[in-house]
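For reference, run20.txt is printed below; it contains compact mmCIF, C-alpha atoms and all ligand atoms.
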# COMPACT_ATOMS: atom_id res chain seq x y z
CA MET A 21 -8.30 -3.59 -26.79
CA LYS A 22 -11.08 -4.05 -29.32
CA SER A 23 -14.04 -1.74 -28.83
CA ASP A 24 -16.51 -4.62 -28.36
CA GLU A 25 -14.55 -5.63 -25.28
CA MET A 26 -14.84 -2.24 -23.60
CA SER A 27 -18.17 -2.99 -21.98
CA ALA A 28 -16.72 -6.05 -20.30
CA VAL A 29 -13.95 -4.38 -18.31
CA PRO A 30 -13.84 -6.00 -14.87
CA SER A 31 -14.66 -3.56 -12.12
CA HIS A 32 -12.67 -5.17 -9.28
CA VAL A 33 -9.46 -6.94 -10.25
CA ALA A 34 -7.34 -8.78 -7.69
CA ILE A 35 -3.80 -9.95 -8.39
CA ILE A 36 -1.68 -12.52 -6.59
CA MET A 37 1.71 -11.13 -7.59
CA ASP A 38 3.75 -14.32 -7.46
CA GLY A 39 7.12 -15.34 -8.83
CA ASN A 40 9.52 -12.59 -7.70
CA GLY A 41 11.91 -15.04 -6.05
CA ARG A 42 12.06 -17.42 -9.00
CA TRP A 43 12.54 -14.52 -11.39
CA ALA A 44 15.57 -13.34 -9.41
CA GLN A 45 17.01 -16.81 -8.92
CA ALA A 46 16.75 -17.55 -12.64
CA GLN A 47 19.24 -14.74 -13.19
CA GLY A 48 21.55 -15.77 -10.39
CA GLN A 49 20.34 -12.96 -8.15
CA VAL A 50 19.06 -12.96 -4.57
CA ARG A 51 15.31 -13.05 -3.96
CA GLY A 52 15.28 -9.42 -2.84
CA TYR A 53 16.29 -8.35 -6.31
CA GLY A 54 13.08 -9.93 -7.60
CA HIS A 55 11.01 -8.13 -4.97
CA LYS A 56 12.53 -4.81 -6.05
CA GLN A 57 11.68 -5.47 -9.68
CA GLY A 58 8.25 -6.64 -8.59
CA ALA A 59 7.63 -3.36 -6.76
CA ALA A 60 8.69 -1.40 -9.83
CA ASN A 61 6.26 -3.45 -11.89
CA VAL A 62 3.39 -2.52 -9.57
CA LYS A 63 3.57 1.08 -10.81
CA GLU A 64 3.37 -0.02 -14.43
CA VAL A 65 0.43 -2.35 -13.84
CA VAL A 66 -1.45 0.23 -11.75
CA ARG A 67 -1.09 2.80 -14.53
CA CYS A 68 -2.32 0.31 -17.14
CA ALA A 69 -5.24 -0.76 -14.97
CA ALA A 70 -6.37 2.85 -14.66
CA GLU A 71 -6.07 3.35 -18.43
CA ILE A 72 -8.11 0.23 -19.15
CA GLY A 73 -10.89 1.54 -16.90
CA ILE A 74 -10.58 -0.92 -14.03
CA GLN A 75 -12.15 0.76 -10.99
CA ARG A 76 -10.61 -1.20 -8.15
CA LEU A 77 -7.34 -3.08 -8.01
CA THR A 78 -6.32 -5.21 -5.02
CA LEU A 79 -2.72 -6.41 -5.01
CA TYR A 80 -1.45 -9.17 -2.74
CA ALA A 81 1.91 -7.96 -1.47
CA PHE A 82 2.41 -9.90 1.79
CA SER A 83 0.25 -12.66 3.25
CA THR A 84 -0.31 -13.57 6.90
CA GLU A 85 1.69 -16.70 6.06
CA ASN A 86 4.64 -14.87 4.54
CA TRP A 87 6.07 -14.29 8.07
CA ARG A 88 7.25 -17.91 7.75
CA ARG A 89 10.04 -16.78 5.44
CA SER A 90 13.54 -15.99 6.67
CA ALA A 91 13.99 -12.88 8.81
CA LEU A 92 16.27 -11.59 6.09
CA GLU A 93 13.56 -11.76 3.43
CA VAL A 94 10.79 -10.47 5.71
CA ASN A 95 12.91 -7.49 6.80
CA PHE A 96 13.85 -6.78 3.24
CA LEU A 97 10.20 -6.76 2.20
CA MET A 98 9.17 -4.52 5.10
CA ARG A 99 11.87 -2.00 4.24
CA LEU A 100 10.87 -2.19 0.60
CA PHE A 101 7.22 -1.45 1.46
CA SER A 102 8.33 1.50 3.54
CA THR A 103 10.52 3.06 0.84
CA TYR A 104 8.09 2.22 -1.89
CA ILE A 105 4.99 3.65 -0.19
CA ASP A 106 6.88 6.78 0.75
CA GLU A 107 8.14 7.41 -2.77
CA TYR A 108 4.97 6.34 -4.53
CA THR A 109 2.53 8.52 -2.56
CA ARG A 110 3.26 11.67 -4.57
CA GLU A 111 2.69 9.83 -7.87
CA LEU A 112 -0.54 8.34 -6.58
CA VAL A 113 -1.83 11.81 -5.75
CA ALA A 114 -0.78 13.08 -9.19
CA GLU A 115 -2.58 10.15 -10.84
CA ASN A 116 -5.77 10.76 -8.84
CA ILE A 117 -5.56 7.29 -7.29
CA GLN A 118 -7.12 6.54 -3.91
CA ALA A 119 -4.79 4.15 -2.11
CA HIS A 120 -5.39 1.90 0.89
CA VAL A 121 -3.61 -0.86 2.74
CA VAL A 122 -5.77 -3.84 3.68
CA GLY A 123 -4.59 -6.33 6.30
CA ASP A 124 -3.51 -6.28 9.92
CA VAL A 125 -1.22 -3.27 10.06
CA SER A 126 -0.81 -3.56 13.85
CA ALA A 127 2.00 -6.07 13.27
CA LEU A 128 3.94 -3.62 11.09
CA SER A 129 6.60 -1.21 12.34
CA ARG A 130 5.56 2.24 13.50
CA THR A 131 7.50 3.85 10.65
CA LEU A 132 5.69 1.76 8.06
CA ARG A 133 2.32 2.40 9.69
CA GLU A 134 2.96 6.14 9.61
CA LYS A 135 3.82 6.00 5.92
CA ILE A 136 0.68 4.01 5.21
CA GLU A 137 -1.43 6.54 7.12
CA ARG A 138 0.17 9.38 5.23
CA MET A 139 -0.48 7.65 1.88
CA GLU A 140 -4.11 6.98 2.79
CA GLU A 141 -4.68 10.57 3.97
CA LEU A 142 -3.02 12.23 1.01
CA THR A 143 -4.81 10.06 -1.56
CA ALA A 144 -8.23 10.02 0.15
CA ALA A 145 -9.67 12.60 -2.24
CA GLY A 146 -8.63 10.58 -5.31
CA THR A 147 -11.57 9.92 -7.59
CA GLY A 148 -9.85 7.61 -10.07
CA LEU A 149 -8.70 4.05 -9.50
CA VAL A 150 -9.04 2.62 -5.99
CA LEU A 151 -5.82 0.78 -5.20
CA ASN A 152 -5.57 -1.68 -2.32
CA LEU A 153 -2.20 -3.02 -1.24
CA ALA A 154 -2.75 -6.17 0.80
CA ILE A 155 -0.03 -6.29 3.43
CA ASN A 156 -0.15 -8.81 6.28
CA TYR A 157 -3.44 -9.83 4.72
CA GLY A 158 -5.12 -13.21 4.97
CA GLY A 159 -8.62 -14.09 3.82
CA ARG A 160 -9.25 -16.16 6.94
CA ALA A 161 -7.87 -13.44 9.22
CA GLU A 162 -10.21 -10.96 7.53
CA LEU A 163 -13.19 -13.23 8.18
CA VAL A 164 -12.19 -13.78 11.81
CA ARG A 165 -11.90 -10.00 12.22
CA ALA A 166 -15.35 -9.60 10.66
CA MET A 167 -16.86 -12.16 13.04
CA ARG A 168 -15.27 -10.48 16.05
CA ARG A 169 -16.58 -7.11 14.99
CA TYR A 170 -20.05 -8.47 14.48
CA ALA A 171 -19.99 -10.25 17.84
CA ALA A 172 -18.80 -7.05 19.57
CA GLU A 173 -21.65 -5.12 18.01
CA CYS A 174 -24.14 -7.70 19.25
CA LEU A 175 -22.70 -7.57 22.77
CA ASN A 176 -22.89 -3.78 22.73
CA GLY A 177 -26.64 -3.90 22.52
CA GLY A 178 -26.83 -4.38 18.78
CA GLN A 179 -29.79 -6.45 17.76
CA ILE A 180 -28.99 -10.06 17.00
CA GLU A 181 -30.88 -10.24 13.77
CA GLU A 182 -30.50 -12.70 10.98
CA LEU A 183 -27.08 -11.97 9.52
CA THR A 184 -27.19 -11.50 5.77
CA GLU A 185 -24.42 -11.76 3.18
CA ALA A 186 -24.54 -8.00 2.71
CA ASP A 187 -24.02 -7.59 6.47
CA VAL A 188 -20.93 -9.79 6.38
CA ALA A 189 -19.42 -7.66 3.62
CA ARG A 190 -19.86 -4.60 5.86
CA TYR A 191 -17.34 -6.04 8.33
CA LEU A 192 -14.63 -6.65 5.74
CA TYR A 193 -11.98 -4.06 4.84
CA PRO A 194 -14.28 -1.55 3.11
CA SER A 195 -12.07 -0.67 0.15
CA ALA A 196 -11.63 -4.34 -0.81
CA ALA A 197 -15.04 -5.66 0.21
CA ALA A 198 -16.58 -5.55 -3.28
CA ASP A 199 -16.92 -8.85 -5.15
CA VAL A 200 -13.85 -9.61 -7.24
CA ASP A 201 -14.66 -9.86 -10.95
CA LEU A 202 -11.28 -11.06 -12.14
CA LEU A 203 -8.61 -12.82 -10.07
CA ILE A 204 -5.19 -13.03 -11.67
CA ARG A 205 -2.32 -15.13 -10.37
CA THR A 206 1.08 -14.84 -11.96
CA GLY A 207 3.98 -17.26 -11.54
CA GLY A 208 2.36 -20.50 -12.68
CA GLU A 209 0.74 -21.76 -9.46
CA ARG A 210 -3.01 -22.33 -9.45
CA ARG A 211 -4.13 -21.64 -5.94
CA ILE A 212 -5.74 -18.88 -3.90
CA SER A 213 -3.17 -18.82 -1.05
CA ASN A 214 -5.68 -17.29 1.37
CA PHE A 215 -6.52 -14.21 -0.71
CA LEU A 216 -9.94 -12.49 -0.52
CA LEU A 217 -11.80 -15.71 0.27
CA TRP A 218 -15.20 -14.08 0.64
CA GLN A 219 -14.84 -11.73 -2.34
CA VAL A 220 -13.72 -14.31 -4.95
CA SER A 221 -16.92 -16.28 -4.68
CA TYR A 222 -17.81 -15.70 -8.36
CA ALA A 223 -14.55 -14.31 -9.69
CA GLU A 224 -13.26 -15.39 -13.07
CA MET A 225 -9.79 -16.87 -12.60
CA TYR A 226 -6.84 -16.14 -14.82
CA PHE A 227 -3.57 -17.98 -14.23
CA SER A 228 -0.44 -16.84 -15.99
CA GLU A 229 2.91 -18.60 -16.24
CA VAL A 230 4.62 -15.22 -16.44
CA LEU A 231 6.55 -14.29 -13.29
CA TRP A 232 5.37 -11.07 -11.63
CA PRO A 233 8.33 -8.82 -12.52
CA GLU A 234 7.58 -9.54 -16.19
CA PHE A 235 3.80 -9.28 -16.03
CA GLY A 236 3.38 -5.97 -17.83
CA ARG A 237 0.91 -4.05 -19.95
CA ASP A 238 0.39 -6.76 -22.58
CA GLU A 239 -0.12 -9.48 -20.00
CA LEU A 240 -2.72 -7.41 -18.15
CA ALA A 241 -4.49 -6.72 -21.44
CA LYS A 242 -4.56 -10.50 -22.12
CA ALA A 243 -6.14 -11.17 -18.74
CA VAL A 244 -8.79 -8.50 -19.28
CA SER A 245 -9.47 -9.85 -22.74
CA TYR A 246 -9.91 -13.35 -21.23
CA PHE A 247 -12.46 -11.85 -18.83
CA ALA A 248 -14.33 -10.18 -21.68
CA HIS A 249 -14.97 -13.61 -23.18
CA CYS A 250 -16.18 -15.28 -20.00
CA GLU A 251 -19.87 -15.91 -19.74
CA ARG A 252 -20.81 -15.06 -16.19
CA ARG A 253 -23.90 -16.92 -15.10
CA PHE A 254 -23.83 -16.65 -11.29
CA GLY A 255 -25.65 -19.95 -11.03
CA ALA A 256 -28.39 -19.03 -13.47
CA VAL A 257 -28.67 -20.23 -17.05
CA LYS A 258 -27.95 -18.25 -20.17
CA ALA A 259 -30.81 -15.95 -21.23
CA GLY A 260 -32.95 -17.78 -23.76
CA ASP A 261 -31.88 -21.29 -22.70
C1 LIG B 1 5.64 -13.08 -4.47
O1 LIG B 1 6.79 -13.66 -4.97
C2 LIG B 1 5.93 -11.96 -3.49
C3 LIG B 1 5.64 -12.30 -2.08
C4 LIG B 1 5.05 -13.36 -1.67
C5 LIG B 1 6.07 -11.33 -1.10
P1 LIG B 1 7.50 -14.84 -4.20
O2 LIG B 1 8.49 -14.28 -3.23
O3 LIG B 1 6.52 -15.76 -3.61
O4 LIG B 1 8.28 -15.55 -5.40
P2 LIG B 1 8.40 -17.09 -5.66
O5 LIG B 1 7.03 -17.67 -5.70
O6 LIG B 1 9.22 -17.66 -4.55
O7 LIG B 1 9.08 -17.18 -6.99
C1 LIG B 2 1.01 -15.58 -2.27
O1 LIG B 2 2.24 -16.03 -2.74
C2 LIG B 2 1.18 -14.34 -1.46
C3 LIG B 2 1.58 -13.15 -2.20
C4 LIG B 2 1.73 -13.04 -3.49
C5 LIG B 2 1.81 -11.98 -1.39
P1 LIG B 2 3.07 -17.14 -1.96
O2 LIG B 2 4.31 -17.38 -2.74
O3 LIG B 2 3.25 -16.73 -0.54
O4 LIG B 2 2.08 -18.37 -2.00
P2 LIG B 2 2.33 -19.93 -1.84
O5 LIG B 2 3.11 -20.12 -0.56
O6 LIG B 2 3.13 -20.37 -3.03
O7 LIG B 2 0.98 -20.54 -1.82
MG MG B 3 5.54 -17.43 -4.30
Written as structure tokens, that's how I'd like the structure from this file.
Amino acid sequence: MKSDEMSAVPSHVAIIMDGNGRWAQAQGQVRGYGHKQGAANVKEVVRCAAEIGIQRLTLYAFSTENWRRSALEVNFLMRLFSTYIDEYTRELVAENIQAHVVGDVSALSRTLREKIERMEELTAAGTGLVLNLAINYGGRAELVRAMRRYAAECLNGGQIEELTEADVARYLYPSAAADVDLLIRTGGERRISNFLLWQVSYAEMYFSEVLWPEFGRDELAKAVSYFAHCERRFGAVKAGD
């Protein structure tokens, strides 16, 4: 990356990792093969993100709507998460990464939940990149959860004051609550698919035709370079205009 772009590194990057199935099918393979390659690619992209200086990376791995897929695919993905998280934890610790899972983990198997807990505990002291894996995550579900938590606090004697935007953010999953600076979607579709609805309010959007298993170092660099050239106005006008 050119040095003049260094100051414009996005702090929170979110990625909709799409296209695993199509990538596999294009080579005459079953969808699961694409998910496996996709999981391997996560490691590469996480490493690159840390090198670039991205502080927070939130990766969409399984949406609240993905349960609609065949039992075969869902079970495959759940087993993949389990193996992957287990194996990856040691590397995360070595790379000083603090890892979290955001989403409703109560619907996941006990084995997977235990592995997630172990990963979160062992990486809690990480001071480098904050990595969020969104599993059984939905933006609407997160907002409903936030509203329930706020309501419960009010019922428990909390003062019903005027709720501010900052208050709302306090009820989201803490590690992914920060505003997203750059949202990337791979795989050619141009939609949000229920990801981080609150947090993407002023995100720059980068859509890539590249399918997730092939979205590597150079592709991430291109997305970050796109961000560096965006003029972020947040509703105001350019200074001097
Ligand atoms: C994204 O790839 C991974 C998950 C949603 C789990 P897809 O499985 O959606 O791949 P395509 O979009 O069908 O190619
Ligand atoms: C979004 O991809 C969810 C993840 C990448 C985990 P989908 O493939 O599920 O999204 P749609 O169905 O094409 O919108
Ligand atoms: Mg898809």
Per residue of chain A within 9 Å of ligand MG 3 (chain B), record the nearest atom pair and its distance in Å to one decimal, counting all atoms listed in the file, with rows in chain order and ascending residue number, as CSV.
residue,atom,partner,partner_atom,distance
A:Met37,CA,B:MG3,MG,8.1
A:Asp38,CA,B:MG3,MG,4.8
A:Gly39,CA,B:MG3,MG,5.2
A:Asn40,CA,B:MG3,MG,7.1
A:Gly41,CA,B:MG3,MG,7.0
A:Arg42,CA,B:MG3,MG,8.0
A:Gly207,CA,B:MG3,MG,7.4
A:Glu209,CA,B:MG3,MG,8.3
All residues within 9 Å of ligand LIG 1 (chain B) are required, counting all atoms listed in the file; please report them as a PyMOL selection string. chain A and resi 36-45+51-52+54-55+58+80-83+86+93-94+97+206-209+231-232
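As for atom CA of Ser102 of chain A and atom CA of Ser126 of chain A, they are spaced 14.7 Å apart.
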For a quick check of understanding, using only C-alpha atoms and all ligand atoms, which of A:Ala144, A:Met167, A:Ile212, A:Ala243 has the smallest distance to ligand LIG 2 (chain B)?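 Ranked by minimum distance to ligand LIG 2 (chain B), first place goes to A:Ile212.
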Counting all atoms listed in the file, write as a JSON list (two decimals) with C-alpha atoms, in the frame of the given file all protein and nucleic acid residues lying at most 12 Å from (8.5, -1.4, 0.3) in the file's frame.
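As a result, out02.json now contains:
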[["chain", "number", "residue", "atom", "x", "y", "z"],
["A", 52, "GLY", "CA", 15.28, -9.42, -2.84],
["A", 55, "HIS", "CA", 11.01, -8.13, -4.97],
["A", 56, "LYS", "CA", 12.53, -4.81, -6.05],
["A", 57, "GLN", "CA", 11.68, -5.47, -9.68],
["A", 58, "GLY", "CA", 8.25, -6.64, -8.59],
["A", 59, "ALA", "CA", 7.63, -3.36, -6.76],
["A", 60, "ALA", "CA", 8.69, -1.40, -9.83],
["A", 62, "VAL", "CA", 3.39, -2.52, -9.57],
["A", 81, "ALA", "CA", 1.91, -7.96, -1.47],
["A", 82, "PHE", "CA", 2.41, -9.90, 1.79],
["A", 93, "GLU", "CA", 13.56, -11.76, 3.43],
["A", 94, "VAL", "CA", 10.79, -10.47, 5.71],
["A", 95, "ASN", "CA", 12.91, -7.49, 6.80],
["A", 96, "PHE", "CA", 13.85, -6.78, 3.24],
["A", 97, "LEU", "CA", 10.20, -6.76, 2.20],
["A", 98, "MET", "CA", 9.17, -4.52, 5.10],
["A", 99, "ARG", "CA", 11.87, -2.00, 4.24],
["A", 100, "LEU", "CA", 10.87, -2.19, 0.60],
["A", 101, "PHE", "CA", 7.22, -1.45, 1.46],
["A", 102, "SER", "CA", 8.33, 1.50, 3.54],
["A", 103, "THR", "CA", 10.52, 3.06, 0.84],
["A", 104, "TYR", "CA", 8.09, 2.22, -1.89],
["A", 105, "ILE", "CA", 4.99, 3.65, -0.19],
["A", 106, "ASP", "CA", 6.88, 6.78, 0.75],
["A", 107, "GLU", "CA", 8.14, 7.41, -2.77],
["A", 108, "TYR", "CA", 4.97, 6.34, -4.53],
["A", 109, "THR", "CA", 2.53, 8.52, -2.56],
["A", 128, "LEU", "CA", 3.94, -3.62, 11.09],
["A", 131, "THR", "CA", 7.50, 3.85, 10.65],
["A", 132, "LEU", "CA", 5.69, 1.76, 8.06],
["A", 133, "ARG", "CA", 2.32, 2.40, 9.69],
["A", 135, "LYS", "CA", 3.82, 6.00, 5.92],
["A", 136, "ILE", "CA", 0.68, 4.01, 5.21],
["A", 153, "LEU", "CA", -2.20, -3.02, -1.24],
["A", 155, "ILE", "CA", -0.03, -6.29, 3.43]]
Between A:Ile35, A:Val29, A:Val200, A:Val122, which is the closest to ligand LIG 2 (chain B) once you count only C-alpha atoms and all ligand atoms? A:Ile35
Expected axis-aligned box over every listed atom of segment 235-247 of chain A, 5 Å added per side, centre plus edges in Å to one decimal, as lines of an AutoDock Vina configuration file:
center_x = -4.3
center_y = -8.7
center_z = -19.4
size_x = 26.3
size_y = 19.3
size_z = 16.7
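With all atoms listed in the file as the atoms that count, the residue of A:Ala28, A:Leu79, A:Val33, A:Val65 with the shortest distance to Arg237 of chain A is A:Val65.
Minimum atom-to-atom distance to Thr78 of chain A, evaluated using all atoms listed in the file, belongs to A:Asp199 out of A:Glu182, A:Asp199, A:Glu173, A:Glu229.
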